[in-house]
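Dumped query08.cif below, it's mmCIF, C-alpha atoms and all ligand atoms:
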```cif
data_structure
#
loop_
_atom_site.label_atom_id
_atom_site.label_comp_id
_atom_site.auth_asym_id
_atom_site.auth_seq_id
_atom_site.Cartn_x
_atom_site.Cartn_y
_atom_site.Cartn_z
CA MET K 1 0.00 0.00 0.00
CA LEU K 2 2.67 2.49 1.06
CA SER K 3 6.25 2.42 -0.04
CA VAL K 4 8.85 4.90 1.23
CA ARG K 5 12.10 4.87 -0.74
CA ASN K 6 15.36 6.48 0.38
CA LEU K 7 13.53 9.36 2.03
CA LYS K 8 15.53 12.44 3.03
CA TYR K 9 14.34 15.48 4.93
CA ASP K 10 16.67 18.42 5.68
CA VAL K 11 15.85 21.75 7.30
CA VAL K 12 17.80 24.99 7.18
CA ASP K 13 18.67 26.20 10.66
CA GLU K 14 19.71 29.84 11.20
CA ASP K 15 22.81 28.88 13.22
CA GLN K 16 23.75 25.45 11.92
CA GLY K 17 22.81 25.79 8.24
CA GLU K 18 21.39 22.66 6.63
CA VAL K 19 20.48 20.01 9.19
CA GLY K 20 19.59 16.45 8.18
CA ILE K 21 16.53 15.17 10.05
CA ILE K 22 15.83 12.07 7.96
CA HIS K 23 18.84 10.63 6.19
CA ASP K 24 17.81 7.60 4.20
CA ILE K 25 14.63 5.85 5.24
CA SER K 26 13.03 3.07 3.22
CA MET K 27 10.01 1.19 4.55
CA GLU K 28 6.92 -0.66 3.36
CA VAL K 29 3.40 -0.74 4.77
CA PRO K 30 1.60 -3.69 3.16
CA ASP K 31 -2.21 -3.82 2.73
CA GLY K 32 -4.12 -4.46 5.94
CA GLN K 33 -1.02 -4.27 8.11
CA PHE K 34 -0.63 -2.72 11.53
CA VAL K 35 2.81 -1.10 11.61
CA VAL K 36 4.24 0.49 14.76
CA ILE K 37 7.14 2.92 14.49
CA THR K 38 9.14 3.43 17.66
CA GLY K 39 12.57 4.66 18.77
CA PRO K 40 14.25 7.32 20.91
CA ASN K 41 13.00 10.91 21.21
CA GLY K 42 14.20 13.13 18.41
CA GLY K 43 14.90 10.18 16.10
CA GLY K 44 12.74 11.53 13.26
CA LYS K 45 9.48 9.57 13.69
CA SER K 46 7.11 12.57 13.58
CA SER K 47 9.08 14.10 10.70
CA LEU K 48 8.72 10.84 8.77
CA ALA K 49 4.96 10.73 9.45
CA LYS K 50 4.61 14.37 8.37
CA CYS K 51 6.49 13.62 5.12
CA ILE K 52 4.09 10.73 4.45
CA ALA K 53 1.01 12.84 5.26
CA GLY K 54 2.28 15.78 3.17
CA VAL K 55 2.78 18.25 6.03
CA TYR K 56 6.52 18.32 5.22
CA GLN K 57 7.97 18.19 1.72
CA PRO K 58 10.85 15.67 1.65
CA THR K 59 14.17 16.85 0.22
CA GLY K 60 14.92 13.51 -1.41
CA GLY K 61 13.56 10.06 -2.11
CA GLN K 62 10.10 8.91 -3.08
CA ILE K 63 6.77 8.05 -1.48
CA LEU K 64 4.41 5.73 -3.33
CA PHE K 65 0.82 5.13 -2.25
CA GLU K 66 -0.94 2.31 -4.03
CA ASP K 67 1.69 2.50 -6.78
CA GLN K 68 1.14 6.24 -7.34
CA ASP K 69 4.00 8.68 -6.70
CA ILE K 70 2.66 11.10 -4.07
CA THR K 71 6.01 12.68 -3.10
CA SER K 72 5.03 16.19 -4.27
CA MET K 73 1.30 15.96 -3.65
CA SER K 74 -0.50 18.36 -1.26
CA ILE K 75 -1.98 17.21 2.07
CA THR K 76 -5.48 17.64 0.64
CA ASP K 77 -4.79 15.47 -2.40
CA ARG K 78 -3.22 12.79 -0.21
CA ALA K 79 -6.26 12.92 2.08
CA LYS K 80 -8.52 12.47 -0.95
CA LEU K 81 -6.50 9.41 -1.97
CA GLY K 82 -7.12 7.94 1.49
CA ILE K 83 -4.34 8.98 3.86
CA SER K 84 -5.26 10.49 7.22
CA PHE K 85 -2.99 11.70 9.96
CA ALA K 86 -3.47 12.42 13.68
CA PHE K 87 -0.79 14.82 14.95
CA GLN K 88 1.32 14.24 18.07
CA GLN K 89 0.11 17.69 19.12
CA PRO K 90 -3.35 18.16 17.60
CA VAL K 91 -4.49 21.43 16.09
CA ARG K 92 -7.40 23.37 17.62
CA PHE K 93 -10.21 24.73 15.44
CA LYS K 94 -11.93 27.72 16.99
CA GLY K 95 -15.56 28.03 15.92
CA ILE K 96 -15.94 24.38 14.90
CA GLU K 97 -17.94 22.01 17.09
CA VAL K 98 -16.91 18.41 17.70
CA PHE K 99 -20.01 17.22 15.81
CA ASP K 100 -19.01 19.36 12.75
CA LEU K 101 -15.49 17.96 12.87
CA LEU K 102 -16.79 14.38 12.88
CA LYS K 103 -19.16 15.16 10.00
CA LEU K 104 -16.30 16.67 8.01
CA ALA K 105 -14.02 13.75 8.82
CA SER K 106 -16.56 11.09 7.91
CA GLY K 107 -17.48 12.90 4.69
CA ASP K 108 -21.14 12.45 5.69
CA LYS K 109 -22.99 15.73 6.16
CA GLN K 110 -25.98 13.72 7.39
CA LEU K 111 -23.95 11.84 10.03
CA SER K 112 -26.36 11.01 12.84
CA VAL K 113 -25.76 12.09 16.42
CA GLY K 114 -25.78 8.39 17.31
CA SER K 115 -22.93 7.55 14.91
CA ALA K 116 -20.91 10.58 16.04
CA CYS K 117 -21.42 9.50 19.65
CA GLN K 118 -20.22 6.01 18.78
CA TYR K 119 -16.88 7.42 17.55
CA LEU K 120 -16.49 9.47 20.73
CA SER K 121 -17.28 6.57 23.02
CA GLU K 122 -14.65 4.48 21.23
CA VAL K 123 -12.01 6.90 22.51
CA GLY K 124 -13.56 6.94 25.99
CA LEU K 125 -15.40 10.27 25.82
CA CYS K 126 -18.94 10.63 27.12
CA ALA K 127 -20.50 11.85 23.89
CA LYS K 128 -23.23 14.10 25.29
CA ASP K 129 -20.66 16.20 27.14
CA TYR K 130 -18.56 16.81 24.05
CA ILE K 131 -20.61 16.68 20.88
CA ASN K 132 -21.46 20.40 20.95
CA ARG K 133 -18.18 21.62 22.44
CA GLU K 134 -15.96 23.80 20.29
CA VAL K 135 -12.62 22.29 19.25
CA ASP K 136 -10.81 25.22 20.87
CA ALA K 137 -8.50 26.06 23.75
CA SER K 138 -11.16 25.14 26.33
CA LEU K 139 -10.49 21.43 25.68
CA SER K 140 -7.76 19.78 27.72
CA GLY K 141 -4.79 18.26 25.88
CA GLY K 142 -6.06 14.70 26.45
CA GLU K 143 -9.61 15.57 25.35
CA LEU K 144 -8.34 17.22 22.18
CA LYS K 145 -6.11 14.25 21.43
CA ARG K 146 -9.02 11.82 21.81
CA ILE K 147 -11.30 13.96 19.63
CA GLU K 148 -8.65 14.01 16.91
CA ILE K 149 -8.30 10.22 17.11
CA ALA K 150 -12.12 9.89 16.89
CA SER K 151 -12.07 12.03 13.73
CA VAL K 152 -9.44 9.78 12.13
CA LEU K 153 -11.52 6.72 13.09
CA ALA K 154 -14.53 8.40 11.44
CA ARG K 155 -12.61 8.85 8.18
CA LYS K 156 -12.05 5.11 7.72
CA SER K 157 -9.14 5.89 5.41
CA ARG K 158 -7.13 3.33 3.47
CA LEU K 159 -4.10 4.43 5.50
CA SER K 160 -4.42 5.99 8.97
CA ILE K 161 -1.35 7.39 10.70
CA PHE K 162 -1.42 8.16 14.42
CA ASP K 163 1.49 10.01 16.03
CA GLU K 164 1.76 8.92 19.68
CA PRO K 165 -1.98 8.47 20.25
CA GLU K 166 -1.23 7.62 23.88
CA ALA K 167 0.34 11.02 24.65
CA GLY K 168 -1.59 12.74 27.44
CA ILE K 169 -4.23 10.03 27.60
CA ASP K 170 -5.16 8.57 30.97
CA LEU K 171 -4.92 4.86 31.74
CA TRP K 172 -8.66 4.20 31.53
CA SER K 173 -9.06 5.86 28.15
CA PHE K 174 -5.88 4.18 26.96
CA SER K 175 -7.52 0.76 27.41
CA ASN K 176 -10.44 1.94 25.25
CA LEU K 177 -8.01 3.20 22.67
CA ILE K 178 -6.26 -0.17 22.43
CA LYS K 179 -9.68 -1.79 21.94
CA ALA K 180 -10.49 0.74 19.20
CA PHE K 181 -7.24 -0.08 17.38
CA GLU K 182 -7.88 -3.81 17.74
CA LYS K 183 -11.37 -3.29 16.31
CA ILE K 184 -10.05 -1.37 13.29
CA LYS K 185 -7.48 -4.10 12.77
CA ARG K 186 -10.22 -6.77 12.76
CA GLU K 187 -12.83 -4.89 10.78
CA THR K 188 -11.07 -2.90 8.08
CA ASN K 189 -8.75 -3.94 5.31
CA GLY K 190 -6.97 -0.58 5.51
CA SER K 191 -3.50 -0.17 7.01
CA ILE K 192 -2.56 1.58 10.22
CA VAL K 193 0.74 3.20 11.14
CA ILE K 194 1.13 4.14 14.79
CA ILE K 195 4.09 5.96 16.25
CA SER K 196 4.34 4.85 19.84
CA HIS K 197 6.55 4.12 22.81
CA GLN K 198 3.88 2.01 24.53
CA GLU K 199 4.39 -1.70 25.06
CA ARG K 200 0.65 -2.42 24.75
CA ILE K 201 0.60 -0.82 21.31
CA LEU K 202 3.82 -2.58 20.25
CA GLU K 203 2.17 -5.84 21.34
CA ILE K 204 -0.59 -5.53 18.71
CA ALA K 205 1.76 -4.65 15.83
CA ASP K 206 2.26 -6.90 12.83
CA THR K 207 5.51 -5.10 12.03
CA ILE K 208 7.75 -2.90 14.19
CA ILE K 209 10.14 -0.33 12.74
CA VAL K 210 12.74 1.30 15.00
CA ILE K 211 13.87 4.75 13.88
CA GLU K 212 16.93 6.37 15.36
CA LYS K 213 18.96 9.40 14.24
CA GLY K 214 16.94 9.66 11.03
CA ARG K 215 17.55 6.07 9.93
CA VAL K 216 15.87 2.69 10.25
CA LYS K 217 17.70 0.97 13.07
CA ALA K 218 15.71 -2.26 12.94
CA SER K 219 12.61 -3.53 11.20
CA GLY K 220 10.75 -6.83 11.25
CA SER K 221 7.82 -8.76 12.68
CA ARG K 222 6.71 -8.10 16.27
CA GLU K 223 8.15 -11.48 17.26
CA GLU K 224 11.55 -10.54 15.89
CA ILE K 225 11.79 -6.98 17.22
CA LEU K 226 9.78 -6.70 20.44
CA PRO K 227 11.92 -8.94 22.71
CA GLY K 228 14.94 -6.72 22.02
CA LEU K 229 13.02 -3.57 22.95
CA LEU K 230 11.48 -4.60 26.24
CA GLY K 231 12.76 -4.03 29.71
CA THR K 232 15.17 -1.18 29.07
CA GLU K 233 13.01 1.73 28.00
CA SER K 234 14.40 3.98 30.72
CA ALA K 235 18.06 3.37 29.91
CA TYR K 236 18.39 5.50 26.82
CA PRO K 237 16.28 8.65 27.26
CA SER K 238 17.73 9.60 30.65
CA CYS K 239 21.23 9.08 29.33
CA ARG K 240 20.64 11.04 26.14
CA GLN K 241 19.23 14.02 27.97
CA GLY K 242 21.70 16.88 27.81
CA SER K 243 24.34 14.81 26.08
CA GLN K 244 26.64 16.70 23.77
CA ASN K 245 28.29 13.57 22.43
CA GLU K 246 28.07 12.92 18.71
CA ASP K 247 27.83 9.23 19.49
CA GLU K 248 25.43 9.25 22.39
CA SER K 249 25.40 5.47 22.60
CA ASP K 250 28.79 5.80 24.34
CA CYS K 251 27.01 6.93 27.47
CA LEU K 252 24.86 3.80 27.75
CA PRO K 253 25.55 1.52 30.69
CA ASP K 254 27.40 -1.65 29.66
CA ASN K 255 24.66 -3.88 30.99
CA ALA K 256 21.72 -1.92 29.52
CA GLY K 257 20.84 -4.70 27.04
CA GLY K 258 17.60 -4.62 25.01
CA MET K 259 17.00 -1.15 23.58
CA ALA K 260 20.63 -0.33 24.33
CA ASP K 261 21.73 -3.16 22.07
CA PHE K 262 19.80 -1.59 19.22
CA LEU K 263 21.48 1.70 19.85
CA LYS K 264 24.92 0.19 20.01
CA GLY K 265 24.23 -1.65 16.77
CA GLY K 266 23.82 -5.01 18.51
CA LEU K 267 20.98 -6.05 16.24
CA GLU K 268 22.42 -4.71 12.99
N1 LIG X 301 11.75 22.38 11.60
C1 LIG X 301 12.77 21.89 12.30
N2 LIG X 301 13.90 22.63 12.51
C2 LIG X 301 14.94 22.13 13.21
N3 LIG X 301 14.96 20.91 13.75
C3 LIG X 301 13.87 20.15 13.59
C4 LIG X 301 12.72 20.59 12.86
N4 LIG X 301 11.79 19.60 12.87
C5 LIG X 301 12.34 18.59 13.58
N5 LIG X 301 13.58 18.92 14.02
C6 LIG X 301 14.50 18.09 14.80
O1 LIG X 301 14.53 16.84 14.15
C7 LIG X 301 14.66 15.80 15.08
C8 LIG X 301 13.54 14.79 14.86
O2 LIG X 301 12.32 15.35 15.30
P1 LIG X 301 10.98 14.51 15.34
O3 LIG X 301 9.91 15.38 15.91
O4 LIG X 301 10.75 13.93 14.01
O5 LIG X 301 11.40 13.35 16.38
P2 LIG X 301 10.54 12.18 17.02
O6 LIG X 301 11.25 10.90 16.72
O7 LIG X 301 9.12 12.29 16.63
O8 LIG X 301 10.70 12.48 18.58
P3 LIG X 301 9.68 12.25 19.82
O9 LIG X 301 9.77 10.79 20.19
O10 LIG X 301 10.24 13.12 20.88
O11 LIG X 301 8.30 12.69 19.38
C9 LIG X 301 14.64 16.46 16.46
O12 LIG X 301 15.97 16.58 16.91
C10 LIG X 301 14.02 17.82 16.21
O13 LIG X 301 14.49 18.77 17.12
MG MG X 302 7.37 12.75 17.62
#
```

For the file at hand, write its structure as structure tokens.
Amino acid sequence: MLSVRNLKYDVVDEDQGEVGIIHDISMEVPDGQFVVITGPNGGGKSSLAKCIAGVYQPTGGQILFEDQDITSMSITDRAKLGISFAFQQPVRFKGIEVFDLLKLASGDKQLSVGSACQYLSEVGLCAKDYINREVDASLSGGELKRIEIASVLARKSRLSIFDEPEAGIDLWSFSNLIKAFEKIKRETNGSIVIISHQERILEIADTIIVIEKGRVKASGSREEILPGLLGTESAYPSCRQGSQNEDESDCLPDNAGGMADFLKGGLE
């Protein structure tokens, strides 16, 4: 369904000049697959998702969606083809009510209140409290995040991309969210890409891709990749924080194992 080939994304920084964010990423999302992208903070996951959704224009490489080259296509045209994207930090829409947003997302101007409420309850929101709320600054971060996820669910796109859907979501709603993802996996033949650090989301992946420093560090089935990731999630981020080293993996403890092995190239 989706094929990313040798993707590059550079930005021009006032002080540093051209900075490479994504160096050379190739990946495939087959039809009907549930792909989870994970890896350390700042590795380039959100930038990759934004290149796929059309928010960022890549500086090199190619993106094919159902065999069509979409590399230079606008966000709107990609959305029309069937790609939807839920941001890590969702956008607020002053003046638009939650019900309007769900109607827009579903493409059904006649969407019933009942169907809209169904989408909201799937992300753990009590529909009657939210359906007529404005999608503005009065919503909390977690509420806004869940409403955005509900709108992507309503779209039923061929390819849905969620950037850290768990961010800011409480434990109770998180369980609902996992159920919603499992339901989409069972009931649609579309593909889902989720960027996540959460074990429970990694556990329902068909394929896991680890992105680090703008490259694919590891990629394979859940059975191949997950065991190497578990148990050490705290080792890397705390070490990386504030590090000035070019090769930050030097600061990993010798016995970190798991995620640390990825970072030291142990699984290459
Ligand atoms: N417009 C930009 N200008 C400068 N640097 C940028 C820009 N966009 C992203 N970056 C940098 O690129 C790197 C990758 O960012 P990105 O948001 O893609 O990471 P991520 O893997 O999603 O991280 P996280 O897990 O924290 O969400 C980071 O170091 C970030 O600071
Ligand atoms: Mg991110």

Go through K:Asp170, K:Glu164, K:Glu134, K:Asp206 one by one, measure the shortest atom-to-atom distance of each to Ser221 (chain K) using all atoms listed in the file, and give the residue with the smallest value. K:Asp206

Selection as an mmCIF file with C-alpha atoms, in the coordinates of the input: residues within 12 Å of (6.5, -11.9, 15.8), counting all atoms listed in the file:
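And here's part-v9.cif as it stands now:
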```
data_model
loop_
_atom_site.group_PDB
_atom_site.id
_atom_site.type_symbol
_atom_site.label_atom_id
_atom_site.label_comp_id
_atom_site.auth_asym_id
_atom_site.auth_seq_id
_atom_site.Cartn_x
_atom_site.Cartn_y
_atom_site.Cartn_z
ATOM 1 C CA LEU K 202 3.820 -2.580 20.250
ATOM 2 C CA GLU K 203 2.170 -5.840 21.340
ATOM 3 C CA ILE K 204 -0.590 -5.530 18.710
ATOM 4 C CA ALA K 205 1.760 -4.650 15.830
ATOM 5 C CA ASP K 206 2.260 -6.900 12.830
ATOM 6 C CA THR K 207 5.510 -5.100 12.030
ATOM 7 C CA ILE K 208 7.750 -2.900 14.190
ATOM 8 C CA SER K 219 12.610 -3.530 11.200
ATOM 9 C CA GLY K 220 10.750 -6.830 11.250
ATOM 10 C CA SER K 221 7.820 -8.760 12.680
ATOM 11 C CA ARG K 222 6.710 -8.100 16.270
ATOM 12 C CA GLU K 223 8.150 -11.480 17.260
ATOM 13 C CA GLU K 224 11.550 -10.540 15.890
ATOM 14 C CA ILE K 225 11.790 -6.980 17.220
ATOM 15 C CA LEU K 226 9.780 -6.700 20.440
ATOM 16 C CA PRO K 227 11.920 -8.940 22.710
ATOM 17 C CA GLY K 228 14.940 -6.720 22.020
#
```

For region 102-112 of chain K, list every protein, DNA or RNA residue within 10 Å, evaluated using all atoms listed in the file, and leave out those in the same chain fewer than 2 positions away; present the list as a count of residues only. 23

Enclose the full set of atoms of ligand LIG 301 (chain X) listed in the file within a box whose edges lie along x, y and z, apply 8 Å of padding to each of the six sides, and report centre and edge lengths in Å to one decimal as lines of an AutoDock Vina configuration file.
```
center_x = 12.1
center_y = 16.7
center_z = 16.2
size_x = 23.7
size_y = 27.8
size_z = 25.3
```

Which neighbours of His23 (chain K) fall inside 7 Å, counting all atoms listed in the file, when residues of the same chain fewer than 3 positions from it are skipped, and could you give them as a PyMOL selection string? chain K and resi 7-9+20+214-215

Test item: residues no farther than 6 Å from ligand LIG 301 (chain X), counting only C-alpha atoms and all ligand atoms, as an NGL selection string: :K and (11 or 21 or 40-47)

Using all atoms listed in the file, the residue out of K:Phe87, K:Phe181, K:Phe93, K:Trp172 with shortest distance to ligand MG 302 (chain X) is K:Phe87

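The list of residues with at least one atom within 10 Å of Ile96 (chain K), based on only C-alpha atoms and without residues fewer than 4 positions apart in the same chain, reads K:Arg92, K:Asp100, K:Leu101, K:Asn132, K:Arg133, K:Glu134, K:Val135, K:Asp136.
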
Find the residues around Ala180 (chain K) up to 10 Å (all atoms listed in the file counted), leave out those fewer than 6 positions away in its own chain, and share them as an MDAnalysis selection string. chainID K and resid 119 121:124 149:150 153 174 186

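Ranking K:Gly39, K:Gly61, K:Gly17, K:Gly141 by their shortest atom-to-atom distance to ligand MG 302 (chain X), with only C-alpha atoms and all ligand atoms included, puts K:Gly39 first.
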
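Nearest to ligand MG 302 (chain X) of all the residues K:Pro165, K:Gly60, K:Gly95, K:Pro30 is K:Pro165, counting all atoms listed in the file.
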
Distance of CA of Ala53 (chain K) from CA of Asp10 (chain K), expressed in Å to one decimal place: 16.6 Å

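Distances from K:Val91, K:Cys126, K:Ile195, K:Ile201 to ligand MG 302 (chain X) were compared using only C-alpha atoms and all ligand atoms, and the smallest one belongs to K:Ile195.
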
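Minimum atom-to-atom distance to ligand MG 302 (chain X), evaluated using only C-alpha atoms and all ligand atoms, belongs to K:Asp163 out of K:Glu182, K:Asp163, K:Glu199, K:Glu212.
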
Which residues come within 7 Å of Gln62 (chain K), counting only C-alpha atoms, excluding same-chain residues fewer than 2 positions away, as a PyMOL selection string? chain K and resi 4-7+60+64+71

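Take CA of Ser72 (chain K) and CA of Asn189 (chain K): the distance between them is 26.2 Å.
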
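Interatomic distance, CA of Ala127 (chain K) to CA of Ile192 (chain K): 24.8 Å.
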
Complete the atom set of region 134-158 of chain K to N, CA and C atoms and return it as a PDB file, in the frame of the given file.
```
ATOM      1  N   GLU K 134     -16.823  23.311  21.367  1.00  0.00           N
ATOM      2  CA  GLU K 134     -15.960  23.800  20.290  1.00  0.00           C
ATOM      3  C   GLU K 134     -14.586  23.158  20.407  1.00  0.00           C
ATOM      4  N   VAL K 135     -13.951  22.910  19.246  1.00  0.00           N
ATOM      5  CA  VAL K 135     -12.620  22.290  19.250  1.00  0.00           C
ATOM      6  C   VAL K 135     -11.598  23.429  19.455  1.00  0.00           C
ATOM      7  N   ASP K 136     -11.654  24.040  20.627  1.00  0.00           N
ATOM      8  CA  ASP K 136     -10.810  25.220  20.870  1.00  0.00           C
ATOM      9  C   ASP K 136      -9.976  25.035  22.142  1.00  0.00           C
ATOM     10  N   ALA K 137      -9.431  26.136  22.622  1.00  0.00           N
ATOM     11  CA  ALA K 137      -8.500  26.060  23.750  1.00  0.00           C
ATOM     12  C   ALA K 137      -9.170  25.608  25.048  1.00  0.00           C
ATOM     13  N   SER K 138     -10.502  25.559  25.087  1.00  0.00           N
ATOM     14  CA  SER K 138     -11.160  25.140  26.330  1.00  0.00           C
ATOM     15  C   SER K 138     -11.031  23.628  26.546  1.00  0.00           C
ATOM     16  N   LEU K 139     -10.669  22.886  25.511  1.00  0.00           N
ATOM     17  CA  LEU K 139     -10.490  21.430  25.680  1.00  0.00           C
ATOM     18  C   LEU K 139      -9.120  21.148  26.286  1.00  0.00           C
ATOM     19  N   SER K 140      -9.070  20.150  27.155  1.00  0.00           N
ATOM     20  CA  SER K 140      -7.760  19.780  27.720  1.00  0.00           C
ATOM     21  C   SER K 140      -6.954  19.062  26.633  1.00  0.00           C
ATOM     22  N   GLY K 141      -5.647  18.919  26.867  1.00  0.00           N
ATOM     23  CA  GLY K 141      -4.790  18.260  25.880  1.00  0.00           C
ATOM     24  C   GLY K 141      -5.259  16.848  25.567  1.00  0.00           C
ATOM     25  N   GLY K 142      -5.621  16.092  26.628  1.00  0.00           N
ATOM     26  CA  GLY K 142      -6.060  14.700  26.450  1.00  0.00           C
ATOM     27  C   GLY K 142      -7.390  14.616  25.715  1.00  0.00           C
ATOM     28  N   GLU K 143      -8.301  15.557  26.039  1.00  0.00           N
ATOM     29  CA  GLU K 143      -9.610  15.570  25.350  1.00  0.00           C
ATOM     30  C   GLU K 143      -9.423  15.845  23.860  1.00  0.00           C
ATOM     31  N   LEU K 144      -8.580  16.842  23.580  1.00  0.00           N
ATOM     32  CA  LEU K 144      -8.340  17.220  22.180  1.00  0.00           C
ATOM     33  C   LEU K 144      -7.733  16.049  21.402  1.00  0.00           C
ATOM     34  N   LYS K 145      -6.786  15.390  22.057  1.00  0.00           N
ATOM     35  CA  LYS K 145      -6.110  14.250  21.430  1.00  0.00           C
ATOM     36  C   LYS K 145      -7.136  13.161  21.092  1.00  0.00           C
ATOM     37  N   ARG K 146      -8.035  12.885  22.039  1.00  0.00           N
ATOM     38  CA  ARG K 146      -9.020  11.820  21.810  1.00  0.00           C
ATOM     39  C   ARG K 146     -10.015  12.210  20.721  1.00  0.00           C
ATOM     40  N   ILE K 147     -10.367  13.506  20.673  1.00  0.00           N
ATOM     41  CA  ILE K 147     -11.300  13.960  19.630  1.00  0.00           C
ATOM     42  C   ILE K 147     -10.631  13.836  18.258  1.00  0.00           C
ATOM     43  N   GLU K 148      -9.342  14.151  18.196  1.00  0.00           N
ATOM     44  CA  GLU K 148      -8.650  14.010  16.910  1.00  0.00           C
ATOM     45  C   GLU K 148      -8.602  12.532  16.484  1.00  0.00           C
ATOM     46  N   ILE K 149      -8.338  11.655  17.443  1.00  0.00           N
ATOM     47  CA  ILE K 149      -8.300  10.220  17.110  1.00  0.00           C
ATOM     48  C   ILE K 149      -9.687   9.769  16.632  1.00  0.00           C
ATOM     49  N   ALA K 150     -10.753  10.249  17.311  1.00  0.00           N
ATOM     50  CA  ALA K 150     -12.120   9.890  16.890  1.00  0.00           C
ATOM     51  C   ALA K 150     -12.367  10.356  15.458  1.00  0.00           C
ATOM     52  N   SER K 151     -11.826  11.535  15.094  1.00  0.00           N
ATOM     53  CA  SER K 151     -12.070  12.030  13.730  1.00  0.00           C
ATOM     54  C   SER K 151     -11.319  11.188  12.704  1.00  0.00           C
ATOM     55  N   VAL K 152     -10.150  10.673  13.071  1.00  0.00           N
ATOM     56  CA  VAL K 152      -9.440   9.780  12.130  1.00  0.00           C
ATOM     57  C   VAL K 152     -10.177   8.437  12.023  1.00  0.00           C
ATOM     58  N   LEU K 153     -10.729   7.960  13.145  1.00  0.00           N
ATOM     59  CA  LEU K 153     -11.520   6.720  13.090  1.00  0.00           C
ATOM     60  C   LEU K 153     -12.721   6.919  12.157  1.00  0.00           C
ATOM     61  N   ALA K 154     -13.330   8.116  12.244  1.00  0.00           N
ATOM     62  CA  ALA K 154     -14.530   8.400  11.440  1.00  0.00           C
ATOM     63  C   ALA K 154     -14.204   8.435   9.941  1.00  0.00           C
ATOM     64  N   ARG K 155     -12.979   8.757   9.611  1.00  0.00           N
ATOM     65  CA  ARG K 155     -12.610   8.850   8.180  1.00  0.00           C
ATOM     66  C   ARG K 155     -12.534   7.501   7.492  1.00  0.00           C
ATOM     67  N   LYS K 156     -12.206   6.470   8.280  1.00  0.00           N
ATOM     68  CA  LYS K 156     -12.050   5.110   7.720  1.00  0.00           C
ATOM     69  C   LYS K 156     -11.186   5.129   6.458  1.00  0.00           C
ATOM     70  N   SER K 157     -10.028   5.759   6.570  1.00  0.00           N
ATOM     71  CA  SER K 157      -9.140   5.890   5.410  1.00  0.00           C
ATOM     72  C   SER K 157      -8.457   4.574   5.072  1.00  0.00           C
ATOM     73  N   ARG K 158      -7.904   4.517   3.870  1.00  0.00           N
ATOM     74  CA  ARG K 158      -7.130   3.330   3.470  1.00  0.00           C
ATOM     75  C   ARG K 158      -5.879   3.240   4.338  1.00  0.00           C
TER      76      ARG K 158
END
```
